[in-house]
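**Q** Sharing structure.csv here; it has CSV, C-alpha atoms.
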chain,number,residue,atom,x,y,z
A,131,MET,CA,120.1,126.7,89.6
A,132,ALA,CA,116.8,125.9,87.9
A,133,THR,CA,113.7,126.4,89.9
A,134,ILE,CA,110.6,124.2,90.2
A,135,ASN,CA,106.9,124.7,90.1
A,136,ASP,CA,106.4,125.1,93.8
A,137,ASN,CA,102.7,124.2,93.4
A,138,TYR,CA,103.7,120.6,93.3
A,139,LEU,CA,105.0,120.9,96.8
A,140,LYS,CA,101.4,121.6,98.0
A,141,LEU,CA,100.2,118.2,96.8
A,142,LYS,CA,99.6,115.7,99.6
A,143,ALA,CA,102.2,113.1,100.2
A,144,GLY,CA,101.0,110.7,97.5
A,145,TYR,CA,98.4,110.3,94.8
A,146,LEU,CA,95.7,107.9,96.1
A,147,PHE,CA,96.4,104.9,94.0
A,148,PRO,CA,100.2,104.8,94.5
A,149,GLU,CA,99.5,104.9,98.2
A,150,ILE,CA,97.2,101.9,97.9
A,151,ALA,CA,99.9,100.1,95.9
A,152,ARG,CA,102.5,100.9,98.5
A,153,ARG,CA,100.4,99.3,101.3
A,154,VAL,CA,99.5,96.3,99.2
A,155,ASN,CA,103.2,95.8,98.3
A,156,ALA,CA,104.2,96.0,101.9
A,157,PHE,CA,101.6,93.4,102.9
A,158,VAL,CA,102.6,91.1,100.0
A,159,ALA,CA,106.3,91.4,100.9
A,160,GLN,CA,105.4,90.0,104.4
A,161,ASN,CA,102.9,87.5,103.0
A,162,PRO,CA,104.2,86.4,99.7
A,163,ASP,CA,101.9,83.4,99.2
A,164,VAL,CA,98.7,85.3,99.9
A,165,PRO,CA,96.3,85.5,96.8
A,166,ILE,CA,95.3,89.1,96.6
A,167,ILE,CA,92.2,90.2,94.7
A,168,LYS,CA,92.2,93.8,93.6
A,169,LEU,CA,88.8,95.6,93.4
A,170,GLY,CA,90.4,99.0,93.9
A,171,ILE,CA,91.3,100.9,90.8
A,172,GLY,CA,88.9,101.3,87.9
A,173,ASP,CA,91.0,99.2,85.4
A,174,VAL,CA,89.2,96.7,83.2
A,175,THR,CA,90.1,93.0,83.0
A,176,GLU,CA,88.2,91.6,80.0
A,177,PRO,CA,89.7,91.5,76.4
A,178,LEU,CA,89.0,94.2,73.9
A,179,PRO,CA,85.9,93.6,71.8
A,180,GLU,CA,86.5,91.4,68.8
A,181,ALA,CA,85.3,94.1,66.4
A,182,CYS,CA,87.9,96.5,67.8
A,183,ARG,CA,90.7,94.0,67.6
A,184,ALA,CA,89.8,93.1,64.0
A,185,ALA,CA,89.7,96.8,63.0
A,186,MET,CA,93.1,97.4,64.6
A,187,ILE,CA,94.7,94.4,62.9
A,188,GLU,CA,93.4,95.7,59.6
A,189,ALA,CA,94.8,99.1,60.4
A,190,ILE,CA,98.2,97.6,61.1
A,191,GLY,CA,98.0,96.2,57.6
A,192,ASP,CA,97.3,99.7,56.3
A,193,MET,CA,100.5,100.9,57.9
A,194,GLY,CA,102.5,98.3,56.0
A,195,ASP,CA,101.4,99.6,52.6
A,196,ARG,CA,102.7,102.9,51.1
A,197,ALA,CA,99.2,103.5,49.6
A,198,THR,CA,97.4,103.3,52.9
A,199,PHE,CA,100.2,104.3,55.4
A,200,LYS,CA,99.3,107.1,57.8
A,201,GLY,CA,101.7,109.5,59.4
A,202,TYR,CA,100.6,112.4,61.5
A,203,GLY,CA,96.8,112.5,61.6
A,204,PRO,CA,94.6,115.5,62.5
A,205,GLU,CA,95.2,116.6,66.1
A,206,GLN,CA,91.5,116.8,66.6
A,207,GLY,CA,91.0,113.2,65.4
A,208,TYR,CA,90.1,111.6,62.1
A,209,PRO,CA,86.7,112.9,60.7
A,210,TRP,CA,85.4,109.4,60.2
A,211,LEU,CA,85.6,108.7,63.9
A,212,ARG,CA,84.3,112.0,65.0
A,213,GLU,CA,81.3,111.6,62.7
A,214,LYS,CA,80.5,108.2,64.2
A,215,ILE,CA,80.7,109.6,67.7
A,216,ALA,CA,78.5,112.6,66.9
A,217,GLN,CA,75.9,110.4,65.3
A,218,HIS,CA,75.7,107.5,67.8
A,219,ASP,CA,76.5,109.1,71.1
A,220,PHE,CA,74.9,112.5,70.8
A,221,GLN,CA,72.6,113.1,67.8
A,222,ALA,CA,70.8,109.8,68.4
A,223,ARG,CA,69.9,111.2,71.8
A,224,GLY,CA,68.7,114.5,70.5
A,225,CYS,CA,71.9,116.3,71.4
A,226,GLU,CA,73.1,119.1,69.0
A,227,VAL,CA,76.7,118.1,68.7
A,228,ASP,CA,78.6,118.6,65.4
A,229,PRO,CA,81.6,116.3,64.6
A,230,THR,CA,83.9,119.3,64.4
A,231,GLU,CA,83.1,120.0,68.1
A,232,ILE,CA,84.6,116.6,69.1
A,233,PHE,CA,88.3,116.3,69.9
A,234,ILE,CA,89.8,112.8,70.1
A,235,SER,CA,92.4,112.3,72.8
A,236,ASP,CA,94.4,109.7,74.7
A,237,GLY,CA,92.3,109.9,77.8
A,238,SER,CA,89.6,111.9,79.6
A,239,LYS,CA,91.9,111.9,82.7
A,240,CYS,CA,94.3,113.9,80.6
A,241,ASP,CA,91.7,116.2,79.1
A,242,THR,CA,90.1,117.1,82.5
A,243,GLY,CA,93.6,118.3,83.6
A,244,ASN,CA,94.7,119.8,80.3
A,245,ILE,CA,91.5,121.8,79.9
A,246,LEU,CA,92.8,124.1,82.6
A,247,ASP,CA,95.4,125.4,80.1
A,248,ILE,CA,92.7,127.6,78.4
A,249,PHE,CA,91.3,129.1,81.6
A,250,GLY,CA,92.6,131.9,83.8
A,251,LYS,CA,94.0,131.6,87.3
A,252,ASP,CA,91.4,133.7,89.0
A,253,ASN,CA,88.4,131.5,88.5
A,254,ALA,CA,86.4,130.3,91.5
A,255,ILE,CA,86.4,126.5,91.2
A,256,ALA,CA,83.9,124.1,92.7
A,257,VAL,CA,84.4,120.4,93.1
A,258,THR,CA,82.3,117.8,94.7
A,259,ASP,CA,83.4,116.1,97.9
A,260,PRO,CA,84.2,113.2,97.5
A,261,VAL,CA,85.7,113.7,94.1
A,262,TYR,CA,87.9,112.1,91.5
A,263,PRO,CA,91.3,113.2,92.7
A,264,VAL,CA,92.6,114.4,89.3
A,265,TYR,CA,90.2,117.3,89.3
A,266,VAL,CA,91.7,118.7,92.6
A,267,ASP,CA,95.4,117.8,92.0
A,268,THR,CA,95.6,119.3,88.5
A,269,ASN,CA,94.2,122.6,89.9
A,270,VAL,CA,96.9,122.4,92.7
A,271,MET,CA,99.6,121.9,90.1
A,272,ALA,CA,98.3,124.8,88.0
A,273,GLY,CA,98.5,127.1,91.0
A,274,HIS,CA,94.8,127.6,91.5
A,275,THR,CA,94.8,126.7,95.2
A,276,GLY,CA,96.4,127.5,98.5
A,277,GLU,CA,97.7,124.9,100.9
A,278,ALA,CA,95.7,121.9,102.1
A,279,ASN,CA,94.3,121.8,105.7
A,280,GLU,CA,94.4,118.8,108.0
A,281,GLN,CA,91.4,117.3,106.2
A,282,GLY,CA,93.1,117.6,102.9
A,283,LYS,CA,90.9,120.4,101.6
A,284,TYR,CA,92.8,123.1,99.6
A,285,ALA,CA,92.2,126.8,100.2
A,286,GLY,CA,90.8,128.4,97.1
A,287,LEU,CA,88.5,125.5,96.1
A,288,ILE,CA,84.8,125.4,96.9
A,289,TYR,CA,83.8,121.9,98.1
A,290,LEU,CA,80.3,120.7,97.5
A,291,PRO,CA,79.6,117.7,99.8
A,292,ILE,CA,77.8,114.8,98.3
A,293,THR,CA,76.3,112.5,100.9
A,294,ALA,CA,73.6,109.9,101.5
A,295,GLU,CA,71.4,112.7,102.6
A,296,ASN,CA,71.5,114.4,99.2
A,297,ASN,CA,71.6,111.1,97.3
A,298,PHE,CA,75.3,111.9,96.5
A,299,THR,CA,74.4,114.7,94.1
A,300,ALA,CA,75.9,118.1,94.6
A,301,GLY,CA,73.7,121.0,95.7
A,302,ILE,CA,73.7,124.3,93.9
A,303,PRO,CA,76.2,126.6,95.7
A,304,SER,CA,75.0,129.8,97.4
A,305,GLN,CA,78.0,131.7,96.1
A,306,LYS,CA,79.1,132.4,92.5
A,307,VAL,CA,81.6,129.9,91.0
A,308,ASP,CA,83.2,130.0,87.6
A,309,LEU,CA,84.3,126.5,86.9
A,310,ILE,CA,82.3,123.4,88.1
A,311,TYR,CA,83.3,119.8,88.0
A,312,LEU,CA,80.5,117.3,87.8
A,313,CYS,CA,80.9,113.6,87.2
A,314,PHE,CA,77.8,111.4,86.5
A,315,PRO,CA,77.5,108.4,86.8
A,316,ASN,CA,79.6,109.5,89.7
A,317,ASN,CA,83.1,108.3,90.5
A,318,PRO,CA,83.4,107.3,93.3
A,319,THR,CA,79.9,106.9,94.7
A,320,GLY,CA,78.1,105.4,91.7
A,321,ALA,CA,75.3,107.9,91.9
A,322,THR,CA,73.4,109.3,88.9
A,323,ALA,CA,71.9,112.8,88.3
A,324,THR,CA,68.4,113.3,87.1
A,325,LYS,CA,67.5,115.5,84.2
A,326,ALA,CA,65.9,118.0,86.6
A,327,HIS,CA,69.1,118.1,88.7
A,328,LEU,CA,71.3,118.8,85.7
A,329,GLN,CA,68.8,121.4,84.5
A,330,ASP,CA,69.3,123.2,87.8
A,331,TRP,CA,73.0,123.2,87.3
A,332,VAL,CA,72.7,124.4,83.7
A,333,ASN,CA,70.4,127.2,84.8
A,334,TYR,CA,72.8,128.2,87.5
A,335,ALA,CA,75.8,128.2,85.1
A,336,LYS,CA,74.0,130.3,82.5
A,337,ALA,CA,72.9,132.8,85.2
A,338,ASN,CA,76.4,133.1,86.5
A,339,GLY,CA,78.5,132.9,83.4
A,340,SER,CA,80.0,129.6,84.7
A,341,ILE,CA,81.4,126.6,82.8
A,342,ILE,CA,80.5,123.0,83.7
A,343,PHE,CA,83.2,120.4,83.2
A,344,PHE,CA,80.9,117.3,82.8
A,345,ASP,CA,82.8,114.0,83.1
A,346,ALA,CA,80.6,111.3,81.5
A,347,ALA,CA,83.2,108.5,81.4
A,348,TYR,CA,80.7,106.0,82.8
A,349,GLU,CA,77.7,106.9,80.8
A,350,ALA,CA,77.6,103.5,79.1
A,351,PHE,CA,76.7,101.9,82.4
A,352,ILE,CA,73.4,103.8,82.7
A,353,THR,CA,70.5,101.4,82.6
A,354,ASP,CA,67.7,103.7,83.8
A,355,PRO,CA,66.0,105.2,80.7
A,356,ASP,CA,65.2,108.4,82.6
A,357,VAL,CA,68.8,109.2,83.5
A,358,PRO,CA,70.6,111.4,80.9
A,359,HIS,CA,73.8,110.1,79.3
A,360,SER,CA,75.0,113.6,78.3
A,361,ILE,CA,74.9,117.1,79.6
A,362,TYR,CA,73.8,118.1,76.2
A,363,GLU,CA,70.4,116.4,76.7
A,364,ILE,CA,69.8,119.4,79.0
A,365,ASP,CA,68.4,122.6,77.5
A,366,GLY,CA,71.0,125.4,77.4
A,367,ALA,CA,74.0,123.1,78.1
A,368,ARG,CA,75.7,124.0,74.8
A,369,ASP,CA,76.1,127.5,76.2
A,370,CYS,CA,77.8,126.5,79.5
A,371,ALA,CA,79.3,122.9,79.4
A,372,ILE,CA,82.3,120.9,78.2
A,373,GLU,CA,81.8,117.2,78.2
A,374,PHE,CA,84.5,114.5,78.6
A,375,ARG,CA,84.1,110.9,77.5
A,376,SER,CA,86.2,107.8,77.2
A,377,PHE,CA,86.5,104.4,75.5
A,378,SER,CA,88.3,103.1,78.5
A,379,LYS,CA,85.5,101.5,80.5
A,380,ASN,CA,82.8,100.8,77.9
A,381,ALA,CA,85.2,99.2,75.3
A,382,GLY,CA,88.1,98.3,77.6
A,383,PHE,CA,90.6,100.8,76.1
A,384,THR,CA,92.3,101.6,79.4
A,385,GLY,CA,95.6,100.2,78.0
A,386,THR,CA,94.8,101.3,74.4
A,387,ARG,CA,94.0,104.9,75.1
A,388,CYS,CA,91.3,106.7,73.4
A,389,ALA,CA,88.8,109.3,74.6
A,390,LEU,CA,87.0,112.5,73.5
A,391,THR,CA,86.1,116.0,74.6
A,392,VAL,CA,83.2,118.0,73.3
A,393,VAL,CA,83.6,121.8,73.2
A,394,PRO,CA,80.6,123.5,71.6
A,395,LYS,CA,81.4,126.3,69.2
A,396,THR,CA,78.7,128.4,71.0
A,397,LEU,CA,80.6,128.2,74.3
A,398,LYS,CA,82.4,131.5,75.4
A,399,ALA,CA,84.3,132.9,78.3
A,400,LYS,CA,85.7,136.3,79.1
A,401,ALA,CA,89.2,137.6,78.3
A,402,ALA,CA,91.0,140.0,80.6
A,403,ASP,CA,89.7,143.0,78.5
A,404,GLY,CA,86.1,141.9,79.0
A,405,SER,CA,85.5,140.6,75.5
A,406,ASP,CA,83.9,137.2,74.8
A,407,VAL,CA,86.2,134.5,73.4
A,408,GLU,CA,85.1,131.2,71.8
A,409,LEU,CA,86.6,128.3,73.9
A,410,TRP,CA,86.5,126.0,70.9
A,411,LYS,CA,89.2,128.1,69.2
A,412,LEU,CA,91.4,128.1,72.3
A,413,TRP,CA,91.1,124.3,72.8
A,414,ASN,CA,91.8,123.7,69.2
A,415,ARG,CA,94.9,125.8,69.4
A,416,ARG,CA,96.0,124.1,72.6
A,417,GLN,CA,95.6,120.6,71.1
A,418,SER,CA,97.2,121.6,67.8
A,419,THR,CA,100.2,122.9,69.7
A,420,LYS,CA,100.6,120.4,72.5
A,421,PHE,CA,99.2,117.2,71.2
A,422,ASN,CA,99.9,115.1,68.1
A,423,GLY,CA,96.7,113.1,68.1
A,424,VAL,CA,95.8,109.5,68.8
A,425,SER,CA,97.3,106.8,66.6
A,426,TYR,CA,95.5,105.8,63.4
A,427,ILE,CA,95.4,102.2,64.6
A,428,VAL,CA,93.7,103.0,67.9
A,429,GLN,CA,91.2,105.3,66.2
A,430,ARG,CA,90.2,102.6,63.8
A,431,GLY,CA,89.6,100.4,66.8
A,432,ALA,CA,87.5,103.0,68.4
A,433,GLU,CA,85.5,103.5,65.2
A,434,ALA,CA,84.6,99.7,65.3
A,435,VAL,CA,82.8,100.3,68.6
A,436,TYR,CA,80.0,101.8,66.4
A,437,SER,CA,79.7,98.9,64.1
A,438,GLU,CA,76.7,96.6,64.6
A,439,ALA,CA,79.0,93.9,66.0
A,440,GLY,CA,81.0,96.4,68.1
A,441,GLN,CA,77.8,97.8,69.7
A,442,ALA,CA,76.7,94.3,70.7
A,443,GLN,CA,80.1,93.4,72.1
A,444,VAL,CA,80.4,96.6,74.1
A,445,ARG,CA,76.9,96.1,75.5
A,446,SER,CA,78.0,92.6,76.6
A,447,LEU,CA,81.1,94.0,78.3
A,448,VAL,CA,79.2,96.6,80.1
A,449,ARG,CA,76.6,94.0,81.2
A,450,PHE,CA,79.3,91.8,82.5
A,451,TYR,CA,80.7,94.5,84.8
A,452,LEU,CA,77.2,95.5,85.9
A,453,ASP,CA,76.5,91.9,86.8
A,454,ASN,CA,79.7,92.0,88.9
A,455,ALA,CA,78.4,95.1,90.6
A,456,GLN,CA,75.1,93.5,91.3
A,457,ILE,CA,76.9,90.5,92.9
A,458,ILE,CA,79.0,92.9,95.1
A,459,ARG,CA,75.9,94.9,96.1
A,460,GLU,CA,73.8,91.9,97.0
A,461,GLN,CA,76.6,90.1,98.9
A,462,LEU,CA,77.7,93.1,100.9
A,463,THR,CA,74.1,94.0,101.7
A,464,ALA,CA,73.6,90.4,102.9
A,465,VAL,CA,76.4,90.7,105.5
A,466,GLY,CA,74.8,93.9,106.9
A,467,LEU,CA,76.9,96.6,105.1
A,468,GLN,CA,75.2,99.7,103.9
A,469,VAL,CA,75.8,100.1,100.2
A,470,TYR,CA,75.1,102.6,97.4
A,471,GLY,CA,75.7,102.8,93.7
A,472,GLY,CA,76.4,99.8,91.5
A,473,VAL,CA,73.2,100.0,89.5
A,474,ASN,CA,74.0,102.6,86.8
A,475,ALA,CA,77.7,102.5,87.5
A,476,PRO,CA,80.5,100.0,88.0
A,477,TYR,CA,81.3,101.2,91.5
A,478,VAL,CA,79.8,100.2,94.8
A,479,TRP,CA,80.1,102.8,97.6
A,480,VAL,CA,80.2,101.2,101.0
A,481,LYS,CA,79.6,102.7,104.5
A,482,THR,CA,82.4,101.4,106.7
A,483,PRO,CA,81.1,99.4,109.7
A,484,LYS,CA,81.6,100.0,113.4
A,485,ASN,CA,82.8,103.6,112.7
A,486,LEU,CA,86.0,102.4,111.2
A,487,SER,CA,88.0,105.0,109.3
A,488,SER,CA,88.3,104.5,105.5
A,489,TRP,CA,92.0,103.4,105.8
A,490,ASP,CA,91.3,101.2,108.8
A,491,PHE,CA,88.7,99.4,106.8
A,492,PHE,CA,91.1,99.2,103.9
A,493,ASP,CA,93.7,97.5,106.1
A,494,ARG,CA,91.2,95.1,107.7
A,495,LEU,CA,89.8,94.1,104.3
A,496,LEU,CA,93.4,93.5,103.0
A,497,GLN,CA,94.6,91.6,106.1
A,498,ALA,CA,91.6,89.5,106.8
A,499,CYS,CA,90.2,88.9,103.3
A,500,TYR,CA,93.2,89.6,101.0
A,501,VAL,CA,90.9,92.0,99.1
A,502,VAL,CA,91.9,95.5,98.0
A,503,GLY,CA,89.4,98.4,97.6
A,504,THR,CA,89.7,102.1,97.7
A,505,PRO,CA,89.4,104.2,100.9
A,506,GLY,CA,86.7,106.9,100.6
A,507,SER,CA,88.8,109.5,102.3
A,508,GLY,CA,91.2,109.3,99.4
A,509,PHE,CA,88.5,111.0,97.3
A,510,GLY,CA,88.0,113.9,99.8
A,511,ALA,CA,87.1,114.7,103.4
A,512,ALA,CA,83.4,113.8,102.9
A,513,GLY,CA,84.5,110.4,101.7
A,514,GLU,CA,85.7,109.5,105.2
A,515,GLY,CA,83.8,106.6,106.6
A,516,TYR,CA,83.1,105.2,103.1
A,517,PHE,CA,84.9,102.7,100.8
A,518,ARG,CA,84.8,102.2,97.0
A,519,ILE,CA,84.7,98.7,95.5
A,520,SER,CA,85.1,98.3,91.8
A,521,ALA,CA,83.3,95.8,89.6
A,522,PHE,CA,86.2,95.7,87.2
A,523,ASN,CA,87.5,92.2,87.5
A,524,SER,CA,86.8,88.7,86.5
A,525,ARG,CA,83.6,86.9,87.6
A,526,VAL,CA,85.7,84.3,89.4
A,527,ASN,CA,87.6,87.0,91.4
A,528,VAL,CA,84.5,89.0,92.3
A,529,GLU,CA,82.7,85.9,93.6
A,530,GLU,CA,85.8,84.7,95.5
A,531,ALA,CA,86.3,88.2,97.0
A,532,MET,CA,82.7,88.3,98.2
A,533,LYS,CA,83.0,84.8,99.6
A,534,ARG,CA,86.0,85.8,101.6
A,535,ILE,CA,84.3,88.9,102.9
A,536,ILE,CA,81.2,86.9,104.0
A,537,GLU,CA,83.4,84.3,105.8
A,538,LYS,CA,86.2,86.4,107.2
A,539,LEU,CA,85.1,90.0,107.7
A,540,ASP,CA,83.6,90.8,111.1
A,541,VAL,CA,81.1,93.6,110.4
Could you render the structure from this file as structure tokens?

**A**
Amino acid sequence: MATINDNYLKLKAGYLFPEIARRVNAFVAQNPDVPIIKLGIGDVTEPLPEACRAAMIEAIGDMGDRATFKGYGPEQGYPWLREKIAQHDFQARGCEVDPTEIFISDGSKCDTGNILDIFGKDNAIAVTDPVYPVYVDTNVMAGHTGEANEQGKYAGLIYLPITAENNFTAGIPSQKVDLIYLCFPNNPTGATATKAHLQDWVNYAKANGSIIFFDAAYEAFITDPDVPHSIYEIDGARDCAIEFRSFSKNAGFTGTRCALTVVPKTLKAKAADGSDVELWKLWNRRQSTKFNGVSYIVQRGAEAVYSEAGQAQVRSLVRFYLDNAQIIREQLTAVGLQVYGGVNAPYVWVKTPKNLSSWDFFDRLLQACYVVGTPGSGFGAAGEGYFRISAFNSRVNVEEAMKRIIEKLDV
């Protein structure tokens, strides 16, 4: 009989968001007429920017003409998109990123998991706690961990608590680690990292031969001019960091699928024989072998993000969700809840009242207010006692959800 990858059996009973869906579905089955408002997952609700839609419609026309039809494209992405990204997202901020170092993909979620393909199994891996669950679960699947304890922490991972006391930014570890996951603006807490803090991480990584996986999926929501948008704004980062970005949240591509990963050609790691190997070559080989690229139509839509109209429309989308976050922050603060984030990020991180557990608060919010959020404990042990509320919804729904919480939730 065929055998399985036993590492999957080490995963906790269910991925966070399916468990949320299970509880919501059970509640709705018993209360079919209840109007549920979902402020849980980070999915967008507003239409794609007009510039992107127009570009994609034109690209569909290209596909109907033999002279302009596109079949397989470059696995790394079309040069015209990579050049726009390099120019607007990196070089305009003083970052030394060449278009050939940019790889277009169908999601930064996919890439943060797939990147493990090019790294060995004996690396010491550090993750923040709380953390985006994909970072942990993909390492479990890849066999980089032991079993989980009663708190859900896996043996073999080094957890770096991010708390109110350290402004939800991870402290430099005392021991040597090889791979480091950092996400700023942070999911789930909404915190940002200063240039000085990221410089400390880069200095640590260079001193220890470590690689930083920097998830910048929410960089478009940064409003503070002193907060860096890219790890490559930090001196020395090209020698120790891979950056992941997405069109999902800034341009609404969650259902359209387009993202990018930057692997500098100066970035190296050790082979088993002690020699230095360029990671760009390994990732290029991995993508060329396992990935056929993002569709021409979608990449034309992504390219339109960088047009004058596209830039204005994306800024408007981002502002819309940030205004939602401001409403959530202000309303929850007004009822006496302690809140964080929501200024340079689309997530508000809430301290649960009356020492309620994260899941107890989830159930109370669902049953009393018909509002769905995300339990902090689902992001890690240090997230217990907290709750994430997403600003990704319509203005009407956000305002109605806050009204229900003010009127019905006993805090």

**Q** Quote the spacing between atom CA of Ala381 of chain A and atom CA of Pro179 of chain A in Å to one decimal place.

**A**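 Calculated distance between atom CA of Ala381 of chain A and atom CA of Pro179 of chain A is 6.6 Å.
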
**Q** What would the list of residues within 6 Å of (80.0, 127.7, 74.1) (file frame) look like as a list in words, if only C-alpha atoms are what count?

**A**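 The answer, in the requested form, is Arg368, Asp369, Cys370, Pro394, Lys395, Thr396, Leu397 and Lys398 of chain A.
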
**Q** Which polymer residues have any atom within 9 Å of an atom of segment 441-456 of chain A, counting only C-alpha atoms, with same-chain residues fewer than 2 positions away left out, as a PDB file with C-alpha atoms, keeping the file's coordinate frame?

**A**
ATOM      1  CA  VAL A 174      89.200  96.700  83.200  1.00  0.00           C
ATOM      2  CA  GLU A 176      88.200  91.600  80.000  1.00  0.00           C
ATOM      3  CA  LEU A 178      89.000  94.200  73.900  1.00  0.00           C
ATOM      4  CA  PRO A 179      85.900  93.600  71.800  1.00  0.00           C
ATOM      5  CA  GLU A 180      86.500  91.400  68.800  1.00  0.00           C
ATOM      6  CA  ALA A 181      85.300  94.100  66.400  1.00  0.00           C
ATOM      7  CA  ALA A 350      77.600 103.500  79.100  1.00  0.00           C
ATOM      8  CA  PHE A 351      76.700 101.900  82.400  1.00  0.00           C
ATOM      9  CA  LYS A 379      85.500 101.500  80.500  1.00  0.00           C
ATOM     10  CA  ASN A 380      82.800 100.800  77.900  1.00  0.00           C
ATOM     11  CA  ALA A 381      85.200  99.200  75.300  1.00  0.00           C
ATOM     12  CA  GLY A 382      88.100  98.300  77.600  1.00  0.00           C
ATOM     13  CA  ALA A 434      84.600  99.700  65.300  1.00  0.00           C
ATOM     14  CA  VAL A 435      82.800 100.300  68.600  1.00  0.00           C
ATOM     15  CA  TYR A 436      80.000 101.800  66.400  1.00  0.00           C
ATOM     16  CA  SER A 437      79.700  98.900  64.100  1.00  0.00           C
ATOM     17  CA  GLU A 438      76.700  96.600  64.600  1.00  0.00           C
ATOM     18  CA  ALA A 439      79.000  93.900  66.000  1.00  0.00           C
ATOM     19  CA  ILE A 458      79.000  92.900  95.100  1.00  0.00           C
ATOM     20  CA  ARG A 459      75.900  94.900  96.100  1.00  0.00           C
ATOM     21  CA  GLU A 460      73.800  91.900  97.000  1.00  0.00           C
ATOM     22  CA  GLN A 461      76.600  90.100  98.900  1.00  0.00           C
ATOM     23  CA  GLY A 471      75.700 102.800  93.700  1.00  0.00           C
ATOM     24  CA  GLY A 472      76.400  99.800  91.500  1.00  0.00           C
ATOM     25  CA  VAL A 473      73.200 100.000  89.500  1.00  0.00           C
ATOM     26  CA  ASN A 474      74.000 102.600  86.800  1.00  0.00           C
ATOM     27  CA  ALA A 475      77.700 102.500  87.500  1.00  0.00           C
ATOM     28  CA  PRO A 476      80.500 100.000  88.000  1.00  0.00           C
ATOM     29  CA  TYR A 477      81.300 101.200  91.500  1.00  0.00           C
ATOM     30  CA  VAL A 478      79.800 100.200  94.800  1.00  0.00           C
ATOM     31  CA  ILE A 519      84.700  98.700  95.500  1.00  0.00           C
ATOM     32  CA  SER A 520      85.100  98.300  91.800  1.00  0.00           C
ATOM     33  CA  ALA A 521      83.300  95.800  89.600  1.00  0.00           C
ATOM     34  CA  PHE A 522      86.200  95.700  87.200  1.00  0.00           C
ATOM     35  CA  ASN A 523      87.500  92.200  87.500  1.00  0.00           C
ATOM     36  CA  SER A 524      86.800  88.700  86.500  1.00  0.00           C
ATOM     37  CA  ARG A 525      83.600  86.900  87.600  1.00  0.00           C
ATOM     38  CA  VAL A 528      84.500  89.000  92.300  1.00  0.00           C
ATOM     39  CA  GLU A 529      82.700  85.900  93.600  1.00  0.00           C
TER      40      GLU A 529
END

**Q** Work out how far apart atom CA of Leu312 of chain A and atom CA of Gln417 of chain A are and give it in Å to one decimal.

**A** 22.8 Å

**Q** Please provide as a short mmCIF file (atom, residue, chain, number, x, y, z; two decimals) with C-alpha atoms, in the frame of the given file all residues within 10 Å of Val261 of chain A, with the sequence filter that same-chain residues fewer than 6 positions apart are discarded (counting only C-alpha atoms).

**A**
data_model
loop_
_atom_site.label_atom_id
_atom_site.label_comp_id
_atom_site.auth_asym_id
_atom_site.auth_seq_id
_atom_site.Cartn_x
_atom_site.Cartn_y
_atom_site.Cartn_z
CA TYR A 289 83.80 121.90 98.10
CA LEU A 290 80.30 120.70 97.50
CA PRO A 291 79.60 117.70 99.80
CA ILE A 292 77.80 114.80 98.30
CA TYR A 311 83.30 119.80 88.00
CA LEU A 312 80.50 117.30 87.80
CA CYS A 313 80.90 113.60 87.20
CA ASN A 316 79.60 109.50 89.70
CA ASN A 317 83.10 108.30 90.50
CA PRO A 318 83.40 107.30 93.30
CA THR A 319 79.90 106.90 94.70
CA GLY A 506 86.70 106.90 100.60
CA SER A 507 88.80 109.50 102.30
CA GLY A 508 91.20 109.30 99.40
CA PHE A 509 88.50 111.00 97.30
CA GLY A 510 88.00 113.90 99.80
CA ALA A 511 87.10 114.70 103.40
CA ALA A 512 83.40 113.80 102.90
CA GLY A 513 84.50 110.40 101.70
#

**Q** Please write as a compact mmCIF listing (two decimals) with C-alpha atoms, in the coordinates of the input the list of polymer residues whose atoms come within 12 Å of (96.2, 112.3, 76.2), counting all atoms listed in the file and keeping to the coordinates of the file.

**A**
# COMPACT_ATOMS: atom_id res chain seq x y z
CA GLU A 205 95.20 116.60 66.10
CA GLN A 206 91.50 116.80 66.60
CA PHE A 233 88.30 116.30 69.90
CA ILE A 234 89.80 112.80 70.10
CA SER A 235 92.40 112.30 72.80
CA ASP A 236 94.40 109.70 74.70
CA GLY A 237 92.30 109.90 77.80
CA SER A 238 89.60 111.90 79.60
CA LYS A 239 91.90 111.90 82.70
CA CYS A 240 94.30 113.90 80.60
CA ASP A 241 91.70 116.20 79.10
CA THR A 242 90.10 117.10 82.50
CA GLY A 243 93.60 118.30 83.60
CA ASN A 244 94.70 119.80 80.30
CA ILE A 245 91.50 121.80 79.90
CA SER A 376 86.20 107.80 77.20
CA THR A 384 92.30 101.60 79.40
CA THR A 386 94.80 101.30 74.40
CA ARG A 387 94.00 104.90 75.10
CA CYS A 388 91.30 106.70 73.40
CA ALA A 389 88.80 109.30 74.60
CA LEU A 390 87.00 112.50 73.50
CA THR A 391 86.10 116.00 74.60
CA GLN A 417 95.60 120.60 71.10
CA LYS A 420 100.60 120.40 72.50
CA PHE A 421 99.20 117.20 71.20
CA ASN A 422 99.90 115.10 68.10
CA GLY A 423 96.70 113.10 68.10
CA VAL A 424 95.80 109.50 68.80
CA SER A 425 97.30 106.80 66.60

**Q** At a cut-off of 7 Å, using all atoms listed in the file, what residues contact segment 486-503 of chain A? Leave out same-chain residues fewer than 2 positions from it and give the result as a PyMOL selection string.

**A** chain A and resi 165-170+482-484+505-507+514-519+531+534-535+538-539

**Q** I'd like to know which of A:Gly301, A:Pro355, A:Gln429, A:Phe314 is closest to Trp331 of chain A, using all atoms listed in the file.

**A** A:Gly301

**Q** Near Ala285 of chain A, counting all atoms listed in the file, which residues have an atom at most 6 Å away, once you skip same-chain residues fewer than 4 positions from it, shown as a ChimeraX atom specification?

**A** /A:275-277
